[in-house]
file start.txt (compact mmCIF, C-alpha atoms)
# COMPACT_ATOMS: atom_id res chain seq x y z
CA MET A 30 -16.90 120.35 140.01
CA THR A 31 -14.81 123.48 140.39
CA THR A 32 -11.48 124.26 138.85
CA THR A 33 -8.82 126.71 139.93
CA ALA A 34 -7.70 129.61 137.81
CA ASP A 35 -4.34 127.91 137.18
CA GLU A 36 -6.04 124.81 135.85
CA THR A 37 -8.25 126.70 133.35
CA ARG A 38 -5.63 129.22 132.13
CA LEU A 39 -5.15 128.97 128.37
CA VAL A 40 -1.70 128.86 126.84
CA THR A 41 -1.33 131.76 124.42
CA PRO A 42 0.36 131.29 121.02
CA GLY A 43 4.16 131.32 121.35
CA GLU A 44 3.97 130.40 125.04
CA GLN A 45 4.98 126.92 126.20
CA PRO A 46 4.59 125.23 129.56
CA ALA A 47 7.86 125.22 131.53
CA GLY A 48 8.28 121.44 131.34
CA ARG A 49 7.68 121.32 127.60
CA GLY A 50 10.16 124.18 127.09
CA ARG A 51 12.86 122.27 128.95
CA PHE A 52 12.27 119.18 126.85
CA ALA A 53 12.40 121.35 123.73
CA ALA A 54 15.77 122.72 124.83
CA LEU A 55 17.09 119.21 125.38
CA ALA A 56 15.77 118.17 121.99
CA SER A 57 17.52 121.09 120.32
CA VAL A 58 20.82 120.14 122.00
CA ARG A 59 20.41 116.55 120.87
CA GLU A 60 19.60 117.71 117.36
CA ALA A 61 22.74 119.85 117.30
CA LEU A 62 24.87 116.92 118.49
CA ASP A 63 23.45 114.70 115.76
CA LYS A 64 24.62 116.99 112.95
CA PRO A 65 27.35 115.54 110.70
CA LEU A 66 29.94 118.23 111.51
CA THR A 67 29.44 118.19 115.29
CA SER A 68 32.55 116.11 116.04
CA TYR A 69 34.64 118.23 113.67
CA TYR A 70 33.65 121.51 115.30
CA LEU A 71 33.89 120.15 118.85
CA LEU A 72 37.46 119.01 118.19
CA LEU A 73 38.39 122.35 116.64
CA GLY A 74 36.75 124.45 119.35
CA ALA A 75 37.97 122.47 122.38
CA SER A 76 41.52 122.28 121.02
CA ALA A 77 41.62 126.02 120.27
CA LEU A 78 40.36 126.89 123.76
CA LEU A 79 42.87 124.58 125.44
CA LEU A 80 45.73 126.06 123.44
CA THR A 81 44.61 129.61 124.29
CA ILE A 82 44.30 128.82 128.00
CA GLY A 83 47.64 127.04 127.91
CA LEU A 84 49.44 129.99 126.32
CA ILE A 85 47.94 132.42 128.84
CA MET A 86 48.86 130.17 131.77
CA VAL A 87 52.42 129.62 130.50
CA LEU A 88 52.78 133.40 130.29
CA SER A 89 51.55 133.83 133.85
CA ALA A 90 53.20 130.82 135.48
CA SER A 91 56.61 131.34 133.86
CA SER A 92 56.95 135.11 134.26
CA VAL A 93 58.83 135.02 137.57
CA TYR A 94 61.02 132.09 136.51
CA SER A 95 61.83 133.84 133.20
CA PHE A 96 62.72 137.07 135.00
CA ARG A 97 65.17 135.26 137.27
CA VAL A 98 66.77 132.94 134.73
CA HIS A 99 66.75 135.08 131.57
CA ASP A 100 68.27 138.32 132.88
CA GLY A 101 65.05 140.17 133.64
CA ASP A 102 63.13 139.01 130.55
CA SER A 103 59.74 137.89 131.88
CA TYR A 104 58.55 136.78 128.44
CA ALA A 105 61.41 134.48 127.38
CA VAL A 106 59.57 131.23 128.14
CA VAL A 107 56.22 132.22 126.66
CA ARG A 108 57.94 133.47 123.49
CA ARG A 109 59.51 130.05 123.11
CA GLN A 110 56.14 128.39 123.69
CA LEU A 111 54.58 130.68 121.08
CA MET A 112 57.32 129.66 118.65
CA TRP A 113 56.50 125.96 119.20
CA LEU A 114 52.82 126.75 118.74
CA MET A 115 53.53 128.47 115.42
CA ILE A 116 55.39 125.34 114.31
CA GLY A 117 52.76 122.97 115.72
CA LEU A 118 49.71 124.56 114.10
CA PRO A 119 50.95 124.04 110.51
CA ALA A 120 52.00 120.51 111.52
CA ALA A 121 48.46 119.86 112.77
CA PHE A 122 46.98 121.28 109.55
CA ILE A 123 49.23 119.07 107.41
CA ALA A 124 48.39 116.03 109.56
CA SER A 125 44.67 116.66 109.06
CA ARG A 126 45.17 116.53 105.27
CA LEU A 127 47.51 113.54 105.03
CA PRO A 128 46.12 110.48 103.19
CA LEU A 129 45.47 107.55 105.49
CA THR A 130 47.63 105.27 103.37
CA PHE A 131 50.60 107.58 103.90
CA VAL A 132 50.00 107.75 107.66
CA ARG A 133 49.84 103.97 107.90
CA ARG A 134 53.05 103.50 105.92
CA ALA A 135 54.87 106.21 107.87
CA SER A 136 53.78 104.77 111.25
CA VAL A 137 56.16 101.81 110.94
CA TRP A 138 59.12 104.08 110.23
CA ALA A 139 58.04 106.45 113.00
CA TYR A 140 57.97 103.55 115.47
CA MET A 141 61.47 102.40 114.46
CA ALA A 142 62.83 105.95 114.63
CA SER A 143 61.33 106.47 118.10
CA LEU A 144 62.98 103.26 119.34
CA LEU A 145 66.32 104.48 118.00
CA LEU A 146 65.92 107.85 119.70
CA LEU A 147 64.92 106.20 122.99
CA PHE A 148 67.98 103.94 122.76
CA LEU A 149 70.29 106.89 122.09
CA THR A 150 68.77 108.77 125.03
CA ILE A 151 69.92 106.08 127.46
CA PHE A 152 73.59 106.60 126.51
CA LEU A 153 73.72 110.15 125.14
CA GLY A 154 70.81 111.80 126.92
CA THR A 155 70.85 114.53 129.53
CA GLU A 156 69.65 113.82 133.06
CA ILE A 157 67.20 116.37 134.48
CA ASN A 158 65.46 115.95 137.85
CA GLY A 159 66.67 112.37 138.10
CA ASN A 160 65.32 111.28 134.68
CA ARG A 161 67.50 110.68 131.64
CA ASN A 162 64.86 111.51 129.05
CA TRP A 163 66.30 114.49 127.14
CA LEU A 164 68.39 114.20 123.99
CA GLY A 165 70.36 117.06 122.48
CA VAL A 166 69.79 117.59 118.77
CA GLY A 167 71.81 120.51 117.44
CA GLY A 168 71.02 123.44 119.68
CA LEU A 169 67.75 121.92 120.89
CA ALA A 170 66.90 119.40 123.59
CA ILE A 171 63.99 117.07 122.83
CA GLN A 172 62.17 114.33 124.71
CA PRO A 173 62.02 111.31 122.39
CA SER A 174 59.49 109.68 124.71
CA GLU A 175 56.94 112.36 123.82
CA VAL A 176 57.34 111.65 120.10
CA ALA A 177 57.19 107.92 120.83
CA LYS A 178 53.66 108.22 122.29
CA LEU A 179 52.20 109.21 118.94
CA ALA A 180 54.39 106.74 117.06
CA LEU A 181 53.29 103.86 119.29
CA VAL A 182 49.61 104.67 118.84
CA LEU A 183 49.81 104.88 115.04
CA TRP A 184 52.01 101.79 114.74
CA ALA A 185 49.71 99.68 116.94
CA ALA A 186 46.65 100.95 115.05
CA THR A 187 48.28 100.01 111.74
CA VAL A 188 49.15 96.51 112.94
CA TYR A 189 45.66 95.86 114.31
CA ALA A 190 43.99 97.29 111.21
CA ASN A 191 46.01 94.90 109.05
CA LYS A 192 44.90 92.03 111.30
CA GLU A 193 41.26 93.10 111.50
CA ARG A 194 39.89 89.68 110.52
CA ARG A 195 42.31 87.69 112.70
CA LEU A 196 41.87 89.47 116.03
CA ASP A 197 39.87 86.61 117.50
CA SER A 198 43.21 84.87 118.06
CA LEU A 199 45.12 85.76 121.23
CA HIS A 200 48.42 85.30 119.40
CA GLN A 201 47.42 87.87 116.78
CA LEU A 202 46.38 90.28 119.54
CA VAL A 203 49.70 89.98 121.34
CA VAL A 204 52.30 89.75 118.57
CA PRO A 205 53.95 92.09 117.69
CA VAL A 206 52.18 94.94 119.53
CA VAL A 207 52.68 93.83 123.13
CA PRO A 208 56.41 92.95 122.77
CA GLY A 209 56.93 96.17 120.79
CA MET A 210 55.24 98.25 123.48
CA PHE A 211 57.20 96.48 126.22
CA LEU A 212 60.44 97.22 124.36
CA ALA A 213 59.65 100.94 124.17
CA THR A 214 58.56 100.96 127.82
CA GLY A 215 61.76 99.20 128.87
CA LEU A 216 63.88 101.83 127.11
CA VAL A 217 61.95 104.59 128.90
CA VAL A 218 62.27 102.88 132.29
CA ALA A 219 66.01 102.49 131.67
CA GLY A 220 66.11 106.28 131.59
CA ARG A 221 64.28 106.35 134.96
CA ASP A 222 61.17 107.99 133.43
CA LEU A 223 58.45 106.09 135.28
CA GLY A 224 55.78 108.66 134.41
CA THR A 225 56.08 108.15 130.66
CA ALA A 226 56.19 104.39 131.24
CA LEU A 227 52.76 104.67 132.88
CA VAL A 228 51.41 106.54 129.85
CA PHE A 229 52.84 103.84 127.56
CA GLY A 230 51.09 101.25 129.73
CA ALA A 231 47.79 103.14 129.48
CA ILE A 232 48.12 103.26 125.68
CA LEU A 233 48.78 99.52 125.55
CA MET A 234 45.80 98.72 127.79
CA GLY A 235 43.55 100.99 125.73
CA MET A 236 44.60 99.44 122.43
CA LEU A 237 44.11 95.91 123.76
CA TRP A 238 40.68 96.83 125.10
CA VAL A 239 39.44 98.33 121.86
CA VAL A 240 40.51 95.30 119.82
CA GLY A 241 38.71 92.96 122.21
CA ALA A 242 41.41 91.30 124.31
CA PRO A 243 40.02 88.91 126.98
CA MET A 244 39.77 90.12 130.57
CA ARG A 245 42.22 87.51 131.87
CA PHE A 246 44.89 89.08 129.69
CA PHE A 247 44.37 92.45 131.38
CA VAL A 248 44.66 90.87 134.82
CA LEU A 249 47.92 89.19 133.86
CA THR A 250 49.32 92.35 132.27
CA PHE A 251 48.41 94.49 135.28
CA ALA A 252 50.08 91.99 137.58
CA VAL A 253 53.30 91.93 135.53
CA VAL A 254 53.45 95.71 135.06
CA GLY A 255 52.60 96.34 138.72
CA THR A 256 55.35 94.00 139.88
CA ILE A 257 57.92 95.60 137.59
CA ALA A 258 56.89 99.13 138.64
CA ALA A 259 57.06 98.19 142.32
CA GLY A 260 60.51 96.70 141.80
CA PHE A 261 61.83 99.87 140.16
CA ALA A 262 60.27 102.01 142.89
CA ILE A 263 61.73 99.99 145.76
CA THR A 264 65.23 100.00 144.28
CA ASP A 265 65.27 103.80 143.86
CA GLY A 266 65.42 105.81 147.07
CA GLU A 267 64.13 109.11 145.63
CA ARG A 268 61.26 107.46 143.78
CA TRP A 269 60.31 105.38 146.82
CA SER A 270 60.20 108.47 149.03
CA ARG A 271 57.84 110.13 146.55
CA LEU A 272 55.58 107.09 146.53
CA THR A 273 55.42 106.92 150.31
CA THR A 274 54.75 110.63 150.93
CA PHE A 275 52.34 111.63 148.14
CA MET A 276 49.25 110.79 150.18
CA ASP A 277 50.38 113.14 152.95
CA PRO A 278 52.79 115.71 151.47
CA PHE A 279 52.88 117.65 154.74
CA ALA A 280 54.47 114.69 156.53
CA ASP A 281 57.76 115.55 154.77
CA PHE A 282 56.97 119.16 153.94
CA HIS A 283 60.55 120.45 153.58
CA ASP A 284 61.78 117.58 151.40
CA THR A 285 59.79 115.24 149.13
CA GLY A 286 56.47 116.82 150.11
CA TRP A 287 57.48 120.37 149.20
CA GLN A 288 56.19 120.39 145.60
CA PRO A 289 52.85 118.60 146.12
CA ALA A 290 52.19 120.56 149.32
CA HIS A 291 52.62 123.91 147.58
CA GLY A 292 50.51 122.63 144.71
CA LEU A 293 47.71 122.03 147.21
CA TYR A 294 48.30 125.49 148.69
CA ALA A 295 47.84 126.99 145.22
CA LEU A 296 44.63 125.09 144.54
CA SER A 297 43.13 125.81 147.95
CA SER A 298 43.81 129.55 147.72
CA GLY A 299 42.09 129.76 144.33
CA GLY A 300 38.59 129.19 145.66
CA TRP A 301 35.70 129.18 143.22
CA LEU A 302 36.79 131.92 140.81
CA GLY A 303 40.52 132.24 141.55
CA GLN A 304 42.78 135.14 142.42
CA GLY A 305 42.87 136.43 138.85
CA ILE A 306 45.29 135.90 135.98
CA GLY A 307 48.82 136.80 137.07
CA ALA A 308 47.95 136.87 140.78
CA SER A 309 49.45 133.50 141.76
CA GLN A 310 51.70 133.63 144.81
CA GLN A 311 53.09 130.11 144.59
CA LYS A 312 54.81 130.78 141.26
CA TRP A 313 57.17 133.22 143.02
CA GLY A 314 59.53 130.37 143.86
CA ASP A 315 57.69 128.14 146.32
CA LEU A 316 56.22 125.85 143.64
CA PRO A 317 58.84 124.06 141.50
CA GLU A 318 58.01 123.45 137.81
CA ALA A 319 55.13 125.93 138.00
CA HIS A 320 54.96 126.36 134.21
CA THR A 321 55.48 122.68 133.31
CA ASP A 322 54.35 119.73 135.44
CA PHE A 323 52.46 121.82 138.01
CA ILE A 324 50.83 124.39 135.75
CA PHE A 325 47.43 122.98 136.75
CA ALA A 326 48.08 124.19 140.30
CA VAL A 327 48.77 127.74 139.09
CA LEU A 328 45.69 127.53 136.88
CA GLY A 329 43.60 126.58 139.91
CA GLU A 330 45.07 129.40 141.98
CA GLU A 331 44.42 132.05 139.33
CA LEU A 332 41.20 130.79 137.70
CA GLY A 333 39.74 128.83 140.62
CA LEU A 334 37.63 125.70 140.56
CA VAL A 335 35.72 127.04 137.55
CA GLY A 336 38.93 127.26 135.53
CA THR A 337 40.13 123.80 136.45
CA LEU A 338 36.74 122.26 135.64
CA LEU A 339 36.73 124.10 132.32
CA VAL A 340 40.09 122.60 131.36
CA VAL A 341 39.04 119.09 132.39
CA GLY A 342 35.74 119.58 130.55
CA LEU A 343 37.57 120.58 127.36
CA PHE A 344 39.64 117.40 127.48
CA LEU A 345 36.45 115.38 127.97
CA THR A 346 34.89 117.24 125.02
CA ILE A 347 37.80 116.17 122.82
CA ALA A 348 37.34 112.61 124.07
CA PHE A 349 33.58 112.70 123.40
CA ALA A 350 33.99 114.05 119.86
CA ALA A 351 36.81 111.66 119.01
CA LEU A 352 34.96 108.62 120.33
CA ARG A 353 31.95 109.61 118.20
CA VAL A 354 34.25 109.39 115.19
CA ALA A 355 35.66 106.04 116.36
CA HIS A 356 32.14 104.70 116.87
CA THR A 357 30.77 105.72 113.49
CA THR A 358 33.76 105.09 111.23
CA GLU A 359 34.02 101.99 109.07
CA ASN A 360 37.81 102.33 108.77
CA ALA A 361 39.58 100.05 111.27
CA PHE A 362 42.77 102.15 111.35
CA VAL A 363 40.81 105.32 112.12
CA ARG A 364 38.92 103.54 114.90
CA TYR A 365 42.03 102.17 116.61
CA ALA A 366 44.17 105.29 116.13
CA THR A 367 41.42 107.56 117.42
CA PHE A 368 40.89 105.49 120.54
CA GLY A 369 44.63 105.29 121.18
CA ILE A 370 45.07 109.06 120.90
CA VAL A 371 42.16 109.64 123.30
CA VAL A 372 43.63 107.22 125.83
CA TRP A 373 47.01 108.94 125.54
CA LEU A 374 45.84 112.56 125.91
CA VAL A 375 43.06 112.03 128.45
CA GLY A 376 45.07 109.44 130.39
CA GLN A 377 48.03 111.81 130.64
CA MET A 378 45.70 114.62 131.73
CA MET A 379 44.27 112.42 134.48
CA ILE A 380 47.75 111.45 135.69
CA ASN A 381 48.89 115.09 135.76
CA VAL A 382 45.77 116.29 137.59
CA GLY A 383 45.99 113.40 140.03
CA MET A 384 49.63 114.27 140.67
CA VAL A 385 48.79 117.92 141.41
CA LEU A 386 45.88 116.89 143.67
CA ALA A 387 48.24 114.56 145.60
CA LEU A 388 46.17 111.57 144.52
CA LEU A 389 49.19 110.19 142.65
CA PRO A 390 52.94 110.49 143.29
CA VAL A 391 54.91 113.24 141.56
CA ILE A 392 56.28 111.51 138.46
CA GLY A 393 56.98 114.39 136.10
CA ILE A 394 54.11 114.29 133.59
CA PRO A 395 53.12 117.53 131.77
CA LEU A 396 49.53 118.57 131.11
CA PRO A 397 48.98 118.11 127.35
CA LEU A 398 48.40 121.31 125.32
CA VAL A 399 48.69 123.44 128.47
CA SER A 400 52.12 122.86 130.03
CA TYR A 401 55.23 124.48 128.57
CA GLY A 402 57.35 122.35 126.26
CA GLY A 403 57.73 121.89 122.53
CA SER A 404 58.52 118.18 122.80
CA SER A 405 55.07 117.61 124.27
CA LEU A 406 53.17 120.24 122.28
CA LEU A 407 54.22 119.20 118.76
CA PRO A 408 53.17 115.51 118.97
CA SER A 409 49.95 116.49 120.77
CA LEU A 410 49.04 119.01 118.06
CA THR A 411 49.89 116.51 115.34
CA ALA A 412 47.64 113.95 117.03
CA LEU A 413 44.80 116.48 117.23
CA GLY A 414 45.33 117.31 113.56
CA LEU A 415 44.90 113.63 112.74
CA LEU A 416 41.70 113.47 114.81
CA ILE A 417 40.30 116.53 113.03
CA GLY A 418 41.21 114.96 109.69
CA PHE A 419 39.45 111.74 110.69
CA ALA A 420 36.34 113.73 111.65
CA ARG A 421 36.18 115.71 108.41
CA ARG A 422 36.65 112.55 106.30
CA GLU A 423 33.56 110.84 107.71
CA PRO A 424 31.11 110.40 104.78
CA GLU A 425 28.34 112.63 106.14
CA ALA A 426 30.82 115.29 107.30
CA ALA A 427 32.63 115.22 103.95
CA ARG A 428 29.33 115.67 102.11
CA ALA A 429 28.33 118.56 104.40
CA LEU A 430 31.67 120.31 103.86
CA ALA A 431 31.45 119.77 100.09
CA ALA A 432 27.91 121.19 100.01
CA ARG A 433 29.08 124.20 102.00
CA ARG A 434 31.94 124.84 99.58
CA ARG A 435 29.58 124.57 96.61
CA SER A 436 27.12 127.02 98.17
CA ARG A 437 29.91 129.49 98.87
CA SER A 438 31.28 129.24 95.34
CA THR A 439 27.76 129.67 93.95
CA GLY A 440 27.25 132.74 96.13
CA VAL A 441 30.53 134.24 95.02
CA SER A 442 29.70 133.60 91.35
CA ALA A 443 26.25 135.15 91.78
CA GLY A 444 27.82 138.18 93.46
CA ARG A 445 30.23 138.65 90.58
CA VAL A 446 27.42 138.41 88.04
CA GLY A 447 25.36 140.89 90.02
call {"tool": "encode", "arguments": {"input": "start.txt", "output": "structure tokens"}}
result
Amino acid sequence: MTTTADETRLVTPGEQPAGRGRFAALASVREALDKPLTSYYLLLGASALLLTIGLIMVLSASSVYSFRVHDGDSYAVVRRQLMWLMIGLPAAFIASRLPLTFVRRASVWAYMASLLLLFLTIFLGTEINGNRNWLGVGGLAIQPSEVAKLALVLWAATVYANKERRLDSLHQLVVPVVPGMFLATGLVVAGRDLGTALVFGAILMGMLWVVGAPMRFFVLTFAVVGTIAAGFAITDGERWSRLTTFMDPFADFHDTGWQPAHGLYALSSGGWLGQGIGASQQKWGDLPEAHTDFIFAVLGEELGLVGTLLVVGLFLTIAFAALRVAHTTENAFVRYATFGIVVWLVGQMMINVGMVLALLPVIGIPLPLVSYGGSSLLPSLTALGLLIGFARREPEAARALAARRRSRSTGVSAGRVG
């Protein structure tokens, strides 16, 4: 029997067959993901990258608008965003250190305060782009609905955590979370903000799913919510025109299709790698809300498909890390709150991206952590701070961080002695 040279070649020390090397690489990735601090670092890293990309894109997308509106100052909008970021980062740090008992107690008051603000917005709010969802507070204008998203998640998580042993009853699943969510959603819809109402609905569906609601309940809820949404859409001419033209924006290019059509122009001109940061053409006036609701279109034009996939991948990384925490934790509140925050942030991202891609109607939803706006950025950063705090409190992660602090203090002491 004869053998070929390839069959009889010996593997030298340090050399591995190609297949075995690939499996070794996969094993090393799996080993890295199994470390106790993996979720903690993934949340920190993905959040930091999203905030950095968002700040750069707000600077680029808002420069022309700022120059026109703020007397030649191209940096007015990004300076304001930077100010909100400087406020939001300490808020996130504080949220990551808050005791869970305090968060649970405060969630009830936060829910009641958000309902009050939503109620005041209906009568005292400012109408912008057809939606009455802004409320003046001193010299600032805030969107109470953005604050309400976090309040609803924490309140529902607190209620379900208190009922942990009674969630096999449909009545305990429904009351008071479902009526409370419907009340908040009704106040938002009264202000004609259908986009935020959809996010509230996604949060409710996510919370019901994670606590084990039966499938027939989802079918009934979808039917009721769909009927109500259709009724509001049919009775509003502007909203109905958006719903009927989003699938083909070019059919009404100079009216309701103008914004989604130019969003598609921006994405299509970006190609694989984009035109480069600052090189967007659509932000020069053709694309409305380029630095807020349609910042994803400018991102695609300047950073290309690679940039858009990076942003979506970072959101999915946050979801992956957070769901690892929700899966491993023994604390019911942490599990429910984590899942609710993931549904909120990732669900809102999907709605915004779908809106820019003309897969969904234009309903005025910002891209979390990326779009301009302090009302959206502060609650999102606070929510991320809570997630990071949940991750670092996990028993194995807490032990790893404590061991690292001890080793550092020992090293410092040894250095002083030396």
call {"tool": "atom_distance", "arguments": {"input": "start.txt", "atom1": "atom CA of A:Asn381", "atom2": "atom CA of A:Ala355"}}
result
25.2 Å
call {"tool": "closest_atom_pairs", "arguments": {"input": "start.txt", "of": "stretch 93-192 of chain A", "to": "stretch 313-321 of chain A", "cutoff": "12 Å", "atoms": "all atoms listed in the file", "output": "Markdown table"}}
result
| residue | atom | partner | partner_atom | distance |
| --- | --- | --- | --- | --- |
| A:Val93 | CA | A:Trp313 | CA | 6.0 |
| A:Tyr94 | CA | A:Trp313 | CA | 7.6 |
| A:Ser95 | CA | A:His320 | CA | 10.2 |
| A:Phe96 | CA | A:Trp313 | CA | 10.5 |
| A:Arg97 | CA | A:Gly314 | CA | 10.0 |
| A:Val98 | CA | A:Gly314 | CA | 11.9 |
| A:Val106 | CA | A:His320 | CA | 9.0 |
| A:Val107 | CA | A:His320 | CA | 9.6 |
| A:Gln110 | CA | A:His320 | CA | 10.8 |
| A:Asn158 | CA | A:Glu318 | CA | 10.6 |
call {"tool": "write_last_selection", "arguments": {"input": "start.txt", "atoms": "C-alpha atoms", "output": "short mmCIF file (atom, residue, chain, number, x, y, z; two decimals), in the frame of the given file"}}
result
data_model
loop_
_atom_site.label_atom_id
_atom_site.label_comp_id
_atom_site.auth_asym_id
_atom_site.auth_seq_id
_atom_site.Cartn_x
_atom_site.Cartn_y
_atom_site.Cartn_z
CA VAL A 93 58.83 135.02 137.57
CA TYR A 94 61.02 132.09 136.51
CA SER A 95 61.83 133.84 133.20
CA PHE A 96 62.72 137.07 135.00
CA ARG A 97 65.17 135.26 137.27
CA VAL A 98 66.77 132.94 134.73
CA VAL A 106 59.57 131.23 128.14
CA VAL A 107 56.22 132.22 126.66
CA GLN A 110 56.14 128.39 123.69
CA ASN A 158 65.46 115.95 137.85
#
call {"tool": "closest_atom_pairs", "arguments": {"input": "start.txt", "of": "stretch 368-443 of chain A", "to": "stretch 63-83 of chain A", "cutoff": "8 Å", "atoms": "all atoms listed in the file", "output": "CSV"}}
result
residue,atom,partner,partner_atom,distance
A:Leu398,CA,A:Leu80,CA,5.8
A:Val399,CA,A:Gly83,CA,3.8
A:Ser400,CA,A:Gly83,CA,6.5
A:Leu413,CA,A:Ser76,CA,7.7
A:Leu416,CA,A:Leu72,CA,7.8
A:Ile417,CA,A:Tyr69,CA,5.9
A:Ala420,CA,A:Tyr69,CA,5.2
A:Arg421,CA,A:Tyr69,CA,6.0
A:Glu425,CA,A:Pro65,CA,5.5
A:Ala426,CA,A:Pro65,CA,4.9
A:Ala429,CA,A:Pro65,CA,7.1
call {"tool": "closest_residue", "arguments": {"input": "start.txt", "among": "A:Val228, A:Leu343, A:Met234, A:Ser404", "to": "A:Gln377", "atoms": "all atoms listed in the file"}}
result
A:Val228
call {"tool": "closest_residue", "arguments": {"input": "start.txt", "among": "A:Val248, A:Leu406, A:Leu212, A:Leu386", "to": "A:Met112", "atoms": "all atoms listed in the file"}}
result
A:Leu406
call {"tool": "closest_residue", "arguments": {"input": "start.txt", "among": "A:Gln288, A:Glu331, A:Gly403, A:Ser174", "to": "A:Arg108", "atoms": "all atoms listed in the file"}}
result
A:Gly403
call {"tool": "atom_distance", "arguments": {"input": "start.txt", "atom1": "atom CA of A:Val218", "atom2": "atom CA of A:Asp322"}}
result
18.9 Å
call {"tool": "closest_atom_pairs", "arguments": {"input": "start.txt", "of": "stretch 212-312 of chain A", "to": "stretch 363-366 of chain A", "cutoff": "10 Å", "atoms": "only C-alpha atoms", "output": "CSV"}}
result
residue,atom,partner,partner_atom,distance
A:Gly235,CA,A:Tyr365,CA,9.3
A:Met236,CA,A:Tyr365,CA,6.9
A:Leu237,CA,A:Tyr365,CA,9.7
A:Val239,CA,A:Tyr365,CA,7.0
A:Val240,CA,A:Tyr365,CA,7.7
call {"tool": "residues_near_point", "arguments": {"input": "start.txt", "point": "(71.2, 114.4, 126.5)", "cutoff": "7 Å", "atoms": "only C-alpha atoms", "output": "count of residues only"}}
result
8
